[in-house]
file entry_37.cif (mmCIF, C-alpha atoms)
data_structure
#
loop_
_atom_site.label_atom_id
_atom_site.label_comp_id
_atom_site.auth_asym_id
_atom_site.auth_seq_id
_atom_site.Cartn_x
_atom_site.Cartn_y
_atom_site.Cartn_z
CA MET A 1 -7.29 -30.96 -2.71
CA SER A 2 -5.04 -29.08 -0.22
CA GLN A 3 -5.81 -25.52 0.74
CA TRP A 4 -3.29 -22.98 -0.55
CA SER A 5 -2.24 -22.08 3.01
CA GLU A 6 -1.41 -25.74 3.75
CA TYR A 7 1.46 -25.84 1.24
CA THR A 8 4.98 -24.79 2.22
CA ASN A 9 6.50 -21.66 0.70
CA GLY A 10 8.68 -23.85 -1.50
CA GLU A 11 5.68 -25.83 -2.74
CA ARG A 12 3.80 -22.64 -3.50
CA VAL A 13 6.76 -21.30 -5.51
CA LYS A 14 6.84 -24.54 -7.52
CA LEU A 15 3.12 -24.31 -8.23
CA LEU A 16 3.37 -20.66 -9.23
CA ARG A 17 6.36 -21.42 -11.45
CA GLY A 18 4.28 -23.95 -13.39
CA THR A 19 5.94 -24.97 -16.65
CA ARG A 20 8.60 -22.25 -16.43
CA THR A 21 12.10 -23.52 -15.69
CA GLN A 22 13.95 -22.68 -12.51
CA GLU A 23 16.54 -20.88 -14.63
CA ASP A 24 13.86 -18.69 -16.20
CA VAL A 25 12.33 -17.69 -12.84
CA ALA A 26 15.75 -17.15 -11.24
CA ASN A 27 16.79 -14.84 -14.09
CA ALA A 28 13.49 -12.95 -14.01
CA SER A 29 13.78 -12.55 -10.23
CA GLY A 30 17.41 -11.48 -10.17
CA VAL A 31 18.41 -14.29 -7.77
CA SER A 32 20.82 -17.16 -8.27
CA LEU A 33 19.63 -20.56 -9.42
CA HIS A 34 21.04 -21.99 -6.18
CA THR A 35 18.88 -19.59 -4.13
CA LEU A 36 15.70 -20.49 -6.00
CA ARG A 37 16.40 -24.20 -5.64
CA LYS A 38 17.05 -23.68 -1.93
CA LEU A 39 13.71 -21.91 -1.55
CA GLU A 40 11.78 -24.59 -3.43
CA GLN A 41 13.40 -27.26 -1.25
CA GLY A 42 12.23 -25.55 1.94
CA GLY A 43 15.39 -23.67 2.86
CA ASN A 44 15.64 -20.37 4.73
CA VAL A 45 15.50 -17.19 2.66
CA THR A 46 15.64 -13.47 3.35
CA LEU A 47 12.68 -11.15 2.89
CA PRO A 48 14.38 -9.18 0.05
CA THR A 49 14.94 -12.49 -1.77
CA LEU A 50 11.30 -13.44 -1.31
CA LEU A 51 10.21 -10.07 -2.73
CA LYS A 52 12.44 -10.59 -5.77
CA VAL A 53 11.02 -14.07 -6.40
CA ALA A 54 7.47 -12.69 -6.09
CA GLU A 55 8.33 -10.13 -8.76
CA GLY A 56 9.78 -12.81 -11.02
CA LEU A 57 6.63 -14.89 -10.62
CA HIS A 58 4.39 -11.84 -11.29
CA THR A 59 2.60 -12.29 -7.98
CA ASP A 60 2.35 -10.71 -4.56
CA VAL A 61 4.59 -11.89 -1.72
CA SER A 62 1.44 -12.60 0.31
CA VAL A 63 0.57 -15.31 -2.23
CA ILE A 64 3.92 -17.04 -1.71
CA LEU A 65 3.44 -16.77 2.06
CA GLY A 66 -0.01 -18.40 1.79
CA GLN A 67 -2.01 -15.42 3.02
CA GLN A 68 -3.81 -15.24 -0.32
CA ALA A 69 -4.46 -17.95 -2.86
CA PRO A 70 -3.82 -17.03 -6.49
CA ARG A 71 -6.85 -15.24 -7.96
CA ARG A 72 -9.22 -16.53 -5.28
CA GLY A 73 -7.51 -15.33 -2.11
CA MET A 74 -10.06 -12.68 -1.28
CA SER A 75 -13.35 -13.00 0.51
CA THR A 76 -16.63 -12.99 -1.37
CA ASP A 77 -17.29 -9.43 -0.19
CA ASP A 78 -13.86 -8.29 -1.42
CA ARG A 79 -14.39 -9.82 -4.85
CA ALA A 80 -17.90 -8.35 -5.19
CA MET A 81 -16.63 -4.92 -4.19
CA LEU A 82 -13.74 -5.06 -6.67
CA ARG A 83 -16.08 -6.10 -9.50
CA ALA A 84 -18.33 -3.11 -8.80
CA LEU A 85 -15.33 -0.77 -8.44
CA SER A 86 -13.77 -2.02 -11.66
CA ARG A 87 -17.02 -1.51 -13.53
CA ALA A 88 -17.34 2.02 -12.15
CA VAL A 89 -13.75 2.93 -13.11
CA HIS A 90 -13.99 1.57 -16.64
CA ASP A 91 -17.57 2.70 -17.32
CA THR A 92 -16.95 6.28 -16.24
CA ALA A 93 -13.67 6.45 -18.15
CA ALA A 94 -15.54 5.28 -21.26
CA GLY A 95 -18.37 7.77 -20.70
CA ILE A 96 -20.95 5.10 -19.86
CA LEU A 97 -23.24 6.92 -17.43
CA LEU A 98 -26.77 6.45 -16.16
CA GLU A 99 -28.65 9.72 -16.57
CA PRO A 100 -30.77 10.45 -13.47
CA ALA A 101 -33.73 12.74 -13.26
CA GLU A 102 -32.71 16.40 -13.20
CA ASP A 103 -33.67 16.83 -9.54
CA ALA A 104 -31.51 13.79 -8.62
CA LEU A 105 -28.25 15.20 -9.95
CA PRO A 106 -25.64 15.34 -7.17
CA GLY A 107 -24.51 18.76 -6.05
CA PRO A 108 -21.07 19.94 -4.87
CA ALA A 109 -22.09 19.89 -1.19
CA ASP A 110 -23.38 16.32 -1.42
CA LEU A 111 -20.21 15.18 -3.18
CA ALA A 112 -17.97 16.91 -0.64
CA GLU A 113 -19.79 15.16 2.19
CA ALA A 114 -19.52 11.79 0.39
CA ALA A 115 -15.79 12.33 -0.22
CA SER A 116 -15.21 13.15 3.43
CA ARG A 117 -17.02 9.99 4.53
CA LEU A 118 -15.06 7.87 2.03
CA TRP A 119 -11.68 9.13 3.23
CA ARG A 120 -12.61 8.64 6.90
CA VAL A 121 -13.38 4.98 6.18
CA TYR A 122 -10.20 4.62 4.11
CA TRP A 123 -8.04 6.13 6.88
CA ARG A 124 -9.47 3.56 9.31
CA GLY A 125 -8.00 0.89 7.08
CA ALA A 126 -11.44 -0.53 6.20
CA TYR A 127 -10.51 -0.90 2.53
CA THR A 128 -13.41 -3.12 1.50
CA ASP A 129 -15.90 -0.67 3.04
CA ALA A 130 -14.04 2.22 1.37
CA GLY A 131 -14.31 0.45 -1.98
CA VAL A 132 -18.05 -0.06 -1.47
CA LEU A 133 -18.35 3.71 -1.05
CA ALA A 134 -15.90 4.56 -3.84
CA ALA A 135 -17.84 2.94 -6.70
CA PRO A 136 -21.09 4.95 -6.33
CA PHE A 137 -19.09 8.04 -5.40
CA LEU A 138 -17.14 7.81 -8.66
CA ARG A 139 -20.36 7.39 -10.67
CA SER A 140 -21.95 10.36 -8.91
CA VAL A 141 -18.91 12.56 -9.55
CA ALA A 142 -18.89 11.51 -13.20
CA LEU A 143 -22.56 12.50 -13.51
CA TYR A 144 -21.84 15.83 -11.88
CA ALA A 145 -18.87 16.43 -14.21
CA ASN A 146 -20.95 15.48 -17.24
CA ASN A 147 -23.58 18.07 -16.30
CA ALA A 148 -21.32 20.69 -14.71
CA PRO A 149 -22.40 24.27 -15.42
CA ALA A 150 -20.12 26.59 -17.32
CA GLY A 151 -17.16 27.67 -15.27
CA GLN A 152 -17.28 24.59 -13.02
CA GLU A 153 -15.41 22.20 -15.34
CA ALA A 154 -12.10 22.48 -13.47
CA ALA A 155 -13.75 21.84 -10.10
CA ALA A 156 -15.52 18.79 -11.55
CA ALA A 157 -12.24 17.47 -12.98
CA ALA A 158 -10.61 17.88 -9.56
CA LEU A 159 -13.38 15.83 -7.93
CA LEU A 160 -13.01 13.15 -10.59
CA SER A 161 -9.28 13.03 -9.91
CA ASP A 162 -9.97 12.44 -6.22
CA ALA A 163 -12.56 9.75 -6.93
CA TYR A 164 -10.27 7.82 -9.29
CA ARG A 165 -7.38 8.15 -6.83
CA ALA A 166 -9.50 6.66 -4.04
CA ALA A 167 -10.51 3.79 -6.32
CA GLY A 168 -6.87 3.19 -7.26
CA LEU A 169 -5.64 3.15 -3.67
CA VAL A 170 -8.35 0.73 -2.59
CA ALA A 171 -7.63 -1.56 -5.54
CA ASN A 172 -3.92 -1.47 -4.75
CA PHE A 173 -4.36 -2.53 -1.15
CA LEU A 174 -6.50 -5.47 -2.25
CA GLY A 175 -3.91 -6.55 -4.81
CA ALA A 176 -5.90 -5.63 -7.93
CA ARG A 177 -2.87 -4.17 -9.66
CA ASP A 178 -4.30 -3.62 -13.17
CA LEU A 179 -7.32 -1.80 -11.77
CA ALA A 180 -5.06 0.31 -9.55
CA TYR A 181 -2.89 1.39 -12.48
CA ALA A 182 -5.96 2.21 -14.59
CA ALA A 183 -7.64 4.24 -11.84
CA ILE A 184 -4.50 6.20 -10.97
CA SER A 185 -3.89 6.94 -14.67
CA ASN A 186 -7.42 8.35 -14.95
CA ALA A 187 -6.84 10.38 -11.80
CA MET A 188 -3.66 11.86 -13.27
CA ARG A 189 -5.46 12.82 -16.49
CA HIS A 190 -8.22 14.65 -14.63
CA SER A 191 -5.81 16.40 -12.26
CA GLU A 192 -4.09 17.86 -15.31
CA LEU A 193 -7.48 18.94 -16.71
CA ALA A 194 -8.23 20.61 -13.38
CA ALA A 195 -4.88 22.43 -13.58
CA ASP A 196 -4.51 21.76 -9.86
CA PRO A 197 -0.82 21.54 -8.84
CA VAL A 198 -1.65 19.99 -5.46
CA ARG A 199 -3.56 17.10 -6.97
CA VAL A 200 -0.98 16.61 -9.73
CA SER A 201 1.75 16.42 -7.12
CA MET A 202 -0.08 14.14 -4.69
CA LEU A 203 -0.67 11.59 -7.45
CA GLY A 204 3.08 11.00 -7.57
CA SER A 205 2.97 9.34 -4.16
CA ALA A 206 -0.29 7.55 -5.02
CA ARG A 207 1.29 5.98 -8.10
CA ALA A 208 4.39 5.15 -6.03
CA ARG A 209 2.20 3.05 -3.73
CA VAL A 210 1.15 0.91 -6.67
CA LEU A 211 4.69 0.63 -8.04
CA LEU A 212 6.09 -0.36 -4.64
CA ARG A 213 3.45 -3.02 -4.08
CA ASP A 214 4.22 -4.25 -7.60
CA ASN A 215 7.92 -4.48 -6.61
CA ARG A 216 8.89 -1.85 -9.21
CA VAL A 217 11.00 -0.08 -6.63
CA ALA A 218 13.56 1.66 -8.84
CA GLN A 219 10.77 3.13 -10.97
CA ALA A 220 8.95 4.34 -7.86
CA LEU A 221 12.11 6.14 -6.76
CA ARG A 222 12.63 7.78 -10.15
CA GLU A 223 9.03 8.92 -10.46
CA THR A 224 8.61 10.33 -6.96
CA GLU A 225 11.87 12.26 -7.17
CA ALA A 226 10.89 13.63 -10.58
CA VAL A 227 7.41 14.69 -9.38
CA ALA A 228 8.91 16.30 -6.27
CA ALA A 229 11.41 18.22 -8.38
CA ARG A 230 8.67 19.47 -10.73
CA HIS A 231 6.34 20.55 -7.93
CA GLU A 232 8.71 21.74 -5.21
CA PRO A 233 7.04 24.78 -3.62
CA THR A 234 8.94 28.04 -3.79
CA PHE A 235 9.58 30.05 -0.65
CA SER A 236 6.62 32.27 -1.48
CA GLU A 237 4.27 29.29 -1.89
CA GLN A 238 3.24 28.60 1.69
CA GLY A 239 0.07 26.61 1.01
CA THR A 240 -0.23 23.53 3.23
CA GLY A 241 -1.52 21.43 0.34
CA LEU A 242 1.53 22.05 -1.84
CA LEU A 243 3.91 21.43 1.05
CA ALA A 244 2.12 18.26 2.15
CA ALA A 245 2.04 16.81 -1.38
CA TYR A 246 5.72 17.62 -1.85
CA GLY A 247 6.66 16.09 1.50
CA LYS A 248 4.74 12.92 0.77
CA ASN A 249 6.56 12.44 -2.54
CA ILE A 250 9.87 12.87 -0.72
CA VAL A 251 8.82 10.27 1.86
CA PHE A 252 7.88 7.72 -0.79
CA ALA A 253 11.17 8.35 -2.57
CA ALA A 254 12.88 7.57 0.75
CA VAL A 255 10.83 4.39 1.14
CA ALA A 256 11.91 3.26 -2.32
CA ALA A 257 15.56 4.16 -1.67
CA SER A 258 15.50 2.19 1.58
CA ARG A 259 14.15 -0.89 -0.18
CA LEU A 260 17.01 -0.58 -2.65
CA GLY A 261 19.44 -0.52 0.27
CA ASP A 262 20.70 2.99 -0.45
CA SER A 263 21.17 4.28 3.10
CA SER A 264 22.82 7.57 2.13
CA ARG A 265 20.06 8.53 -0.30
CA THR A 266 17.42 7.46 2.19
CA ALA A 267 18.94 9.63 4.91
CA ASP A 268 19.04 12.68 2.62
CA LEU A 269 15.44 12.21 1.55
CA MET A 270 14.15 11.66 5.09
CA SER A 271 16.02 14.77 6.23
CA GLN A 272 14.13 16.72 3.56
CA ALA A 273 10.82 15.12 4.58
CA HIS A 274 11.32 16.01 8.25
CA ALA A 275 12.20 19.59 7.26
CA VAL A 276 8.95 19.92 5.28
CA ALA A 277 6.99 18.36 8.16
CA ALA A 278 8.55 20.82 10.61
CA ARG A 279 7.64 23.67 8.28
CA LEU A 280 4.02 22.51 8.34
CA GLY A 281 4.14 22.19 12.12
CA ARG A 282 1.31 19.65 12.26
CA ASP A 283 -0.14 16.81 10.28
CA VAL A 284 -2.52 18.11 7.63
CA PHE A 285 -5.26 16.22 5.83
CA THR A 286 -6.22 17.47 2.40
CA ASN A 287 -8.06 15.73 -0.44
CA GLY A 288 -7.59 12.35 1.21
CA MET A 289 -3.88 12.84 1.86
CA GLN A 290 -2.03 12.99 5.19
CA PHE A 291 1.42 14.45 5.78
CA GLY A 292 3.19 16.09 8.69
CA PRO A 293 5.51 15.33 11.62
CA ALA A 294 3.65 12.21 12.81
CA TYR A 295 3.42 10.74 9.30
CA ALA A 296 7.11 11.42 8.57
CA GLY A 297 8.06 9.89 11.92
CA ALA A 298 6.09 6.72 11.20
CA GLN A 299 7.76 6.38 7.81
CA ALA A 300 11.17 6.84 9.46
CA VAL A 301 10.45 3.67 11.43
CA GLY A 302 9.70 1.76 8.23
CA VAL A 303 12.72 2.92 6.25
CA ASN A 304 15.06 1.97 9.08
CA VAL A 305 13.55 -1.49 9.22
CA ALA A 306 14.06 -1.83 5.47
CA LEU A 307 17.70 -0.78 5.86
CA GLY A 308 18.26 -3.35 8.61
CA ASN A 309 18.54 -0.77 11.41
CA ALA A 310 16.18 -2.49 13.86
CA GLY A 311 17.56 -0.70 16.92
CA ARG A 312 17.19 2.71 15.31
CA ALA A 313 13.64 1.88 14.19
CA LEU A 314 12.63 0.91 17.72
CA GLU A 315 14.27 4.02 19.14
CA ILE A 316 12.30 6.28 16.79
CA ALA A 317 9.03 4.45 17.49
CA GLY A 318 9.56 4.79 21.22
CA ARG A 319 10.08 8.53 21.36
CA PHE A 320 7.70 10.21 18.93
CA ASP A 321 4.03 11.04 19.35
CA ALA A 322 1.93 8.94 16.98
CA SER A 323 -1.40 10.37 18.11
CA GLY A 324 -1.72 12.37 14.87
CA LEU A 325 -1.70 9.27 12.67
CA THR A 326 -4.74 7.78 11.01
CA GLN A 327 -5.67 4.30 12.21
CA ALA A 328 -4.32 2.70 9.04
CA ALA A 329 -1.00 4.58 9.25
CA HIS A 330 -0.65 3.67 12.93
CA ASN A 331 -1.36 0.02 12.18
CA ARG A 332 1.28 0.03 9.44
CA MET A 333 3.85 1.61 11.74
CA MET A 334 3.17 -1.04 14.40
CA LEU A 335 3.79 -3.76 11.81
CA ASP A 336 7.17 -2.14 11.19
CA VAL A 337 7.79 -2.11 14.96
CA ALA A 338 6.91 -5.82 15.15
CA LEU A 339 9.26 -6.55 12.25
CA ALA A 340 12.05 -4.57 13.95
CA GLN A 341 11.48 -6.55 17.16
CA CYS A 342 11.65 -9.73 15.10
CA ASP A 343 14.93 -8.58 13.51
CA ALA A 344 16.24 -7.95 17.03
CA ARG A 345 15.27 -11.55 17.91
CA GLN A 346 12.67 -10.38 20.39
CA TRP A 347 10.41 -13.16 19.15
CA ASP A 348 7.63 -13.13 21.75
CA THR A 349 7.56 -9.33 21.99
CA SER A 350 7.28 -9.16 18.20
CA LEU A 351 4.33 -11.54 18.18
CA ASP A 352 2.67 -9.67 21.05
CA THR A 353 2.86 -6.45 19.01
CA LEU A 354 1.63 -8.22 15.90
CA LEU A 355 -1.19 -9.93 17.77
CA GLU A 356 -2.39 -6.61 19.17
CA VAL A 357 -2.59 -5.06 15.69
CA CYS A 358 -4.10 -8.08 13.97
CA SER A 359 -6.65 -8.79 16.70
CA GLY A 360 -7.87 -5.21 16.66
CA HIS A 361 -7.97 -4.90 12.87
CA PRO A 362 -8.13 -8.40 11.33
CA GLU A 363 -9.61 -7.37 7.97
CA TRP A 364 -6.90 -4.76 7.46
CA ALA A 365 -4.16 -7.19 8.54
CA ARG A 366 -5.20 -9.81 5.99
CA HIS A 367 -4.22 -7.45 3.18
CA GLN A 368 -0.69 -6.98 4.56
CA ALA A 369 2.33 -9.16 3.78
CA ILE A 370 4.42 -8.35 6.86
CA PRO A 371 2.37 -10.43 9.37
CA GLY A 372 3.04 -13.57 7.37
CA VAL A 373 6.74 -12.75 7.20
CA ILE A 374 6.96 -12.28 10.96
CA ILE A 375 5.03 -15.45 11.73
CA GLN A 376 7.38 -17.51 9.61
CA ARG A 377 10.49 -15.93 11.10
CA ALA A 378 9.42 -16.21 14.73
CA GLY A 379 10.05 -19.93 14.92
CA HIS A 380 11.41 -19.63 18.46
CA ALA A 381 8.30 -17.98 19.86
CA SER A 382 5.37 -19.55 21.69
CA THR A 383 3.12 -21.77 19.64
CA SER A 384 -0.01 -20.29 21.27
CA ARG A 385 0.75 -16.85 19.81
CA LEU A 386 1.55 -18.33 16.41
CA ARG A 387 -1.68 -20.31 16.45
CA LYS A 388 -3.80 -17.24 17.27
CA LEU A 389 -2.17 -15.17 14.54
CA SER A 390 -2.50 -17.94 11.97
CA GLN A 391 -6.22 -18.16 12.73
CA ILE A 392 -6.67 -14.39 12.32
CA LEU A 393 -4.71 -14.22 9.08
CA GLY A 394 -5.93 -17.49 7.58
CA THR A 395 -2.39 -18.80 7.13
CA ALA A 396 0.00 -21.16 8.84
CA PRO A 397 3.72 -21.02 9.60
CA THR A 398 5.91 -23.06 7.30
CA ILE A 399 9.60 -22.26 6.82
CA ARG A 400 11.37 -19.62 8.90
CA LEU A 401 12.85 -16.70 7.01
CA THR A 402 16.33 -15.56 7.98
#
call {"tool": "encode", "arguments": {"input": "entry_37.cif", "output": "structure tokens"}}
result
Amino acid sequence: MSQWSEYTNGERVKLLRGTRTQEDVANASGVSLHTLRKLEQGGNVTLPTLLKVAEGLHTDVSVILGQQAPRRGMSTDDRAMLRALSRAVHDTAAGILLEPAEDALPGPADLAEAASRLWRVYWRGAYTDAGVLAAPFLRSVALYANNAPAGQEAAAAALLSDAYRAAGLVANFLGARDLAYAAISNAMRHSELAADPVRVSMLGSARARVLLRDNRVAQALRETEAVAARHEPTFSEQGTGLLAAYGKNIVFAAVAASRLGDSSRTADLMSQAHAVAARLGRDVFTNGMQFGPAYAGAQAVGVNVALGNAGRALEIAGRFDASGLTQAAHNRMMLDVALAQCDARQWDTSLDTLLEVCSGHPEWARHQAIPGVIIQRAGHASTSRLRKLSQILGTAPTIRLT
């Protein structure tokens, strides 16, 4: 039997379509029947078209590109981690807890230290390692919340919100969409119980991540704009947490608008995001969230790529200081740079950029769809670069996207 990565994109679409008709998938994807037939026959397609077809097939674009096989595309470690994380999310939500000895109950200081360690690993882009930490952390926080002394219930609910949010973000990056939705929903419930406006607001952008990866772009735009409107800080509210959470919702609204091709709306939203970042004056990190000038600048690169402004994206990337970014955010920005170089037909330069990111962080890169897109578009580049990247990502170039 052939390996999933050995099929062409068209063959993978046919297999994923199964017994559904081409008309059914075309209608569900919002593309023409001619376009779907062209794709299945090995023709060139655009990235937006591929994203639409992935949505119509209820799969991730990385599956169509051959980076992941359906259901079994992850490593053994990834699958084991997700099983443990899923059990922790569902058990704690259902109140299934293991009662430790009284002297083994976690304390606030221990949980704060564990949370800090978890977010440091997550910001490196080591999502499997972060998930390994997230499962026991969530169970420990649930135990603490279950035994919290009087007057500490709100603080315990806030910690639970953070733990569920971490679980949801990890699950999302590994493509476990149902688990991501469940974990983020639990996080939202506990943030409301904590009556913490910062955590309530920051969950808008967390949920947007899941919606965007699920190709529910219009919904992501509606929700982030609504959350931002509800939690916009007043002039007297100068707290960095409120401002950062608000700015991050605005950024994710801009990301969604750019993917919908709405350049005017994107420009307005990014202008707001830069204004909030300037007001902060620096990138701040709070409760596992980053926002500030560097983060907004990195997202400006991505939204311009999505809008087809490759030259503008490269100009922004070349003139702003990215030293304040986390490793994962920097990696993601460099993927956008590589895609912009690809759009500008700088094939070898694009693959050099991509190779640098993927060689330095192969496990992170395997969970991203953009490397596969670039590899398949860079048909004019050197085969040695393509071969190295295909080995790192566990995929192979097939058709070239236009």
call {"tool": "atom_distance", "arguments": {"input": "entry_37.cif", "atom1": "CA of Gly10 in chain A", "atom2": "CA of Gly66 in chain A"}}
result
10.8 Å
call {"tool": "resolve_selection", "arguments": {"input": "entry_37.cif", "expression": "the PyMOL selection byres ((chain A and resi 385-390) around 12)", "output": "PyMOL selection string"}}
result
chain A and resi 5-6+65-67+347-362+365-366+371-384+391-398
call {"tool": "write_last_selection", "arguments": {"input": "entry_37.cif", "atoms": "C-alpha atoms", "output": "PDB file, keeping the file's coordinate frame"}}
result
ATOM      1  CA  SER A   5      -2.240 -22.080   3.010  1.00  0.00           C
ATOM      2  CA  GLU A   6      -1.410 -25.740   3.750  1.00  0.00           C
ATOM      3  CA  LEU A  65       3.440 -16.770   2.060  1.00  0.00           C
ATOM      4  CA  GLY A  66      -0.010 -18.400   1.790  1.00  0.00           C
ATOM      5  CA  GLN A  67      -2.010 -15.420   3.020  1.00  0.00           C
ATOM      6  CA  TRP A 347      10.410 -13.160  19.150  1.00  0.00           C
ATOM      7  CA  ASP A 348       7.630 -13.130  21.750  1.00  0.00           C
ATOM      8  CA  THR A 349       7.560  -9.330  21.990  1.00  0.00           C
ATOM      9  CA  SER A 350       7.280  -9.160  18.200  1.00  0.00           C
ATOM     10  CA  LEU A 351       4.330 -11.540  18.180  1.00  0.00           C
ATOM     11  CA  ASP A 352       2.670  -9.670  21.050  1.00  0.00           C
ATOM     12  CA  THR A 353       2.860  -6.450  19.010  1.00  0.00           C
ATOM     13  CA  LEU A 354       1.630  -8.220  15.900  1.00  0.00           C
ATOM     14  CA  LEU A 355      -1.190  -9.930  17.770  1.00  0.00           C
ATOM     15  CA  GLU A 356      -2.390  -6.610  19.170  1.00  0.00           C
ATOM     16  CA  VAL A 357      -2.590  -5.060  15.690  1.00  0.00           C
ATOM     17  CA  CYS A 358      -4.100  -8.080  13.970  1.00  0.00           C
ATOM     18  CA  SER A 359      -6.650  -8.790  16.700  1.00  0.00           C
ATOM     19  CA  GLY A 360      -7.870  -5.210  16.660  1.00  0.00           C
ATOM     20  CA  HIS A 361      -7.970  -4.900  12.870  1.00  0.00           C
ATOM     21  CA  PRO A 362      -8.130  -8.400  11.330  1.00  0.00           C
ATOM     22  CA  ALA A 365      -4.160  -7.190   8.540  1.00  0.00           C
ATOM     23  CA  ARG A 366      -5.200  -9.810   5.990  1.00  0.00           C
ATOM     24  CA  PRO A 371       2.370 -10.430   9.370  1.00  0.00           C
ATOM     25  CA  GLY A 372       3.040 -13.570   7.370  1.00  0.00           C
ATOM     26  CA  VAL A 373       6.740 -12.750   7.200  1.00  0.00           C
ATOM     27  CA  ILE A 374       6.960 -12.280  10.960  1.00  0.00           C
ATOM     28  CA  ILE A 375       5.030 -15.450  11.730  1.00  0.00           C
ATOM     29  CA  GLN A 376       7.380 -17.510   9.610  1.00  0.00           C
ATOM     30  CA  ARG A 377      10.490 -15.930  11.100  1.00  0.00           C
ATOM     31  CA  ALA A 378       9.420 -16.210  14.730  1.00  0.00           C
ATOM     32  CA  GLY A 379      10.050 -19.930  14.920  1.00  0.00           C
ATOM     33  CA  HIS A 380      11.410 -19.630  18.460  1.00  0.00           C
ATOM     34  CA  ALA A 381       8.300 -17.980  19.860  1.00  0.00           C
ATOM     35  CA  SER A 382       5.370 -19.550  21.690  1.00  0.00           C
ATOM     36  CA  THR A 383       3.120 -21.770  19.640  1.00  0.00           C
ATOM     37  CA  SER A 384      -0.010 -20.290  21.270  1.00  0.00           C
ATOM     38  CA  GLN A 391      -6.220 -18.160  12.730  1.00  0.00           C
ATOM     39  CA  ILE A 392      -6.670 -14.390  12.320  1.00  0.00           C
ATOM     40  CA  LEU A 393      -4.710 -14.220   9.080  1.00  0.00           C
ATOM     41  CA  GLY A 394      -5.930 -17.490   7.580  1.00  0.00           C
ATOM     42  CA  THR A 395      -2.390 -18.800   7.130  1.00  0.00           C
ATOM     43  CA  ALA A 396       0.000 -21.160   8.840  1.00  0.00           C
ATOM     44  CA  PRO A 397       3.720 -21.020   9.600  1.00  0.00           C
ATOM     45  CA  THR A 398       5.910 -23.060   7.300  1.00  0.00           C
TER      46      THR A 398
END
call {"tool": "closest_residue", "arguments": {"input": "entry_37.cif", "among": "A:Val210, A:Leu174, A:Ala256, A:Ile184", "to": "Glu225 in chain A", "atoms": "all atoms listed in the file"}}
result
A:Ala256
call {"tool": "residues_around", "arguments": {"input": "entry_37.cif", "residues": "His367 in chain A", "least_positions_apart": "3", "cutoff": "8 Å", "atoms": "only C-alpha atoms", "output": "list in words"}}
result
Phe173, Leu174, Glu363 and Trp364 of chain A
call {"tool": "closest_residue", "arguments": {"input": "entry_37.cif", "among": "A:Gly297, A:Gly168, A:Gly131, A:Gly288", "to": "Ala187 in chain A", "atoms": "only C-alpha atoms"}}
result
A:Gly168
call {"tool": "resolve_selection", "arguments": {"input": "entry_37.cif", "expression": "the PyMOL selection byres ((chain A and resi 84-98) around 10)", "output": "MDAnalysis selection string"}}
result
chainID A and resid 79:83 99:101 131:143 146 160 163:164 167:168 170:171 176 178:180 182:183 186
call {"tool": "write_last_selection", "arguments": {"input": "entry_37.cif", "atoms": "C-alpha atoms", "output": "compact mmCIF listing (two decimals), in the coordinates of the input"}}
result
# COMPACT_ATOMS: atom_id res chain seq x y z
CA ARG A 79 -14.39 -9.82 -4.85
CA ALA A 80 -17.90 -8.35 -5.19
CA MET A 81 -16.63 -4.92 -4.19
CA LEU A 82 -13.74 -5.06 -6.67
CA ARG A 83 -16.08 -6.10 -9.50
CA GLU A 99 -28.65 9.72 -16.57
CA PRO A 100 -30.77 10.45 -13.47
CA ALA A 101 -33.73 12.74 -13.26
CA GLY A 131 -14.31 0.45 -1.98
CA VAL A 132 -18.05 -0.06 -1.47
CA LEU A 133 -18.35 3.71 -1.05
CA ALA A 134 -15.90 4.56 -3.84
CA ALA A 135 -17.84 2.94 -6.70
CA PRO A 136 -21.09 4.95 -6.33
CA PHE A 137 -19.09 8.04 -5.40
CA LEU A 138 -17.14 7.81 -8.66
CA ARG A 139 -20.36 7.39 -10.67
CA SER A 140 -21.95 10.36 -8.91
CA VAL A 141 -18.91 12.56 -9.55
CA ALA A 142 -18.89 11.51 -13.20
CA LEU A 143 -22.56 12.50 -13.51
CA ASN A 146 -20.95 15.48 -17.24
CA LEU A 160 -13.01 13.15 -10.59
CA ALA A 163 -12.56 9.75 -6.93
CA TYR A 164 -10.27 7.82 -9.29
CA ALA A 167 -10.51 3.79 -6.32
CA GLY A 168 -6.87 3.19 -7.26
CA VAL A 170 -8.35 0.73 -2.59
CA ALA A 171 -7.63 -1.56 -5.54
CA ALA A 176 -5.90 -5.63 -7.93
CA ASP A 178 -4.30 -3.62 -13.17
CA LEU A 179 -7.32 -1.80 -11.77
CA ALA A 180 -5.06 0.31 -9.55
CA ALA A 182 -5.96 2.21 -14.59
CA ALA A 183 -7.64 4.24 -11.84
CA ASN A 186 -7.42 8.35 -14.95
call {"tool": "residues_around", "arguments": {"input": "entry_37.cif", "residues": "Asn309 in chain A", "least_positions_apart": "2", "cutoff": "12 Å", "atoms": "all atoms listed in the file", "output": "count of residues only"}}
result
25
call {"tool": "residues_around", "arguments": {"input": "entry_37.cif", "residues": "Asp283 in chain A", "least_positions_apart": "4", "cutoff": "8 Å", "atoms": "only C-alpha atoms", "output": "JSON, numbers by chain"}}
result
{"A": [277, 290, 291, 292, 293, 294, 295, 324]}
call {"tool": "residues_near_point", "arguments": {"input": "entry_37.cif", "point": "(8.5, 3.7, -7.4)", "cutoff": "9 Å", "atoms": "all atoms listed in the file", "output": "VMD selection string"}}
result
chain A and resid 205 207 to 212 215 to 224 252 to 253 255 to 256
call {"tool": "atom_distance", "arguments": {"input": "entry_37.cif", "atom1": "CA of Met270 in chain A", "atom2": "CA of Ala254 in chain A"}}
result
6.1 Å
